[in-house]
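Structure, as structure tokens:
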Amino acid sequence: MFKFNNINLDIWTETYGIGFYLSYLARWPDLCSVQEAPSGRMMGYVIGKAEGANTEWHGHVTALTVAPEYRRLGLAGKLMALLETVSDEVYKGFFVDLYVRCANTIAVNMYEGFGYSVYRRVREYYGSLGAGKGGRDEEDAFDMRKPLSKDSARRSIRPNGRDMIVSAHDVS
């Protein structure tokens with residue numbers, strides 16, 4: 001686990017206990033992937049799961065992170081593409097979703113570039129640090145989604161997601 005320190009020490013990266021990572025690896029090994037440099041240094045990883053029911057059955061990105069020295073090389077896109085492919089072809093999900101801090105505009109723009117759109121804003125998803133710009137808590141999250149092939153009608157997305165605000169208690 002110490003090999004991940006160069007990645008996990010980033011301020012935007014959510015870190016978890018070892019039991020959390022091991023439970024994901026045991027239950028959804030095909031939705032977890034690591035990129036390693038030839039030197040053995042960790043470059044990045046994605047951890048995901050499959051969840052939901054019926055038309056809400058989907059792949060979920062729990063964590064995606066790339067070490068600062070390996071950013072802007074396309075690694076995040078490759079990791080996401082792998083998770084999306086497995087979510088689509090193996091788990092037969094309707095969409096892939098993820099939560100990202102609203103204040104992390106670089107990540108929001110990156111996900112939009114990958115084809116994700118904001119489905120809703122979740123108030124105080126990451127806890128409350130007080131009101132930010134415009135009176136909104138900067139620890140809100142955007143629930144971003146990308147439809148997969150099973151959602152040909154694109155029902156898993158909406159055009160006005162930034163205007164749809166829900167409480168963190170309303171999401172699972």
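We label chains A, B, ... in the order they appear in the structure tokens, count residues from 1 in each chain, and number ligands from 1 in the order shown.
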Helix (DSSP H, G or I) call set, DSSP backbone run, segment 12-170 of chain A, as an MDAnalysis selection string: chainID A and resid 18:27 29:31 54:56 68:70 75:89 105:113 133:135 161:163 168:170
Surrounding residues of Leu82 of chain A excluding itself and chain neighbours under 2 positions, 10 Å, only C-alpha atoms, as a ChimeraX atom specification: /A:30-33,46,76-80,84-88
Nearest to Ser117 of chain A by atom-to-atom distance, counting only C-alpha atoms, from A:Gly59, A:Gly74, A:Gly161, A:Gly93: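 Comparing A:Gly59, A:Gly74, A:Gly161, A:Gly93 against Ser117 of chain A, the winner is A:Gly161.
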With the cut-off set at 7 Å and counting only C-alpha atoms, tabulate each residue of segment 86-131 of chain A with an atom at most that distance from an atom of segment 136-156 of chain A, showing the nearest atom pair and its distance in Å to one decimal, ordered by chain and increasing number, as CSV.
```
residue,atom,partner,partner_atom,distance
A:Asp88,CA,A:Leu148,CA,6.0
A:Lys92,CA,A:Lys150,CA,7.0
A:Gly93,CA,A:Lys150,CA,6.8
A:Phe94,CA,A:Asp151,CA,5.0
A:Phe95,CA,A:Pro147,CA,4.2
A:Val96,CA,A:Lys146,CA,5.4
A:Asp97,CA,A:Arg145,CA,4.3
A:Leu98,CA,A:Met144,CA,5.4
A:Tyr99,CA,A:Asp143,CA,4.7
A:Val100,CA,A:Ala141,CA,5.2
A:Arg101,CA,A:Ala141,CA,4.4
A:Cys102,CA,A:Ala141,CA,5.1
A:Ala103,CA,A:Glu138,CA,5.8
A:Gly115,CA,A:Lys146,CA,6.2
A:Tyr116,CA,A:Lys146,CA,4.6
A:Ser117,CA,A:Met144,CA,5.2
A:Val118,CA,A:Met144,CA,4.4
A:Tyr119,CA,A:Met144,CA,5.4
A:Arg120,CA,A:Asp143,CA,5.4
A:Arg121,CA,A:Phe142,CA,4.6
A:Val122,CA,A:Ala141,CA,5.1
A:Arg123,CA,A:Asp140,CA,4.7
A:Glu124,CA,A:Asp140,CA,4.6
A:Tyr125,CA,A:Asp140,CA,5.3
A:Tyr126,CA,A:Glu139,CA,5.3
A:Gly127,CA,A:Glu139,CA,6.2
A:Ser128,CA,A:Glu139,CA,6.2
A:Leu129,CA,A:Glu139,CA,6.8
A:Gly130,CA,A:Asp137,CA,5.8
A:Ala131,CA,A:Asp137,CA,4.3
```
Residue among A:Tyr24, A:Tyr91, A:Met42, A:Thr105 lying closest to Thr62 of chain A, counting only C-alpha atoms: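 Of A:Tyr24, A:Tyr91, A:Met42, A:Thr105, the one nearest Thr62 of chain A is A:Tyr24, counting only C-alpha atoms.
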Strand (DSSP E) per DSSP on the backbone: members of chain A, as a VMD selection string: chain A and resid 32 to 36 42 to 51 58 to 66 95 to 101 117 to 123 141 to 147 165 to 167
Point-to-point distance from atom CA of Lys49 of chain A to atom CA of Arg72 of chain A, Å rounded to tenths: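 For atom CA of Lys49 of chain A relative to atom CA of Arg72 of chain A, the distance reads 25.4 Å.
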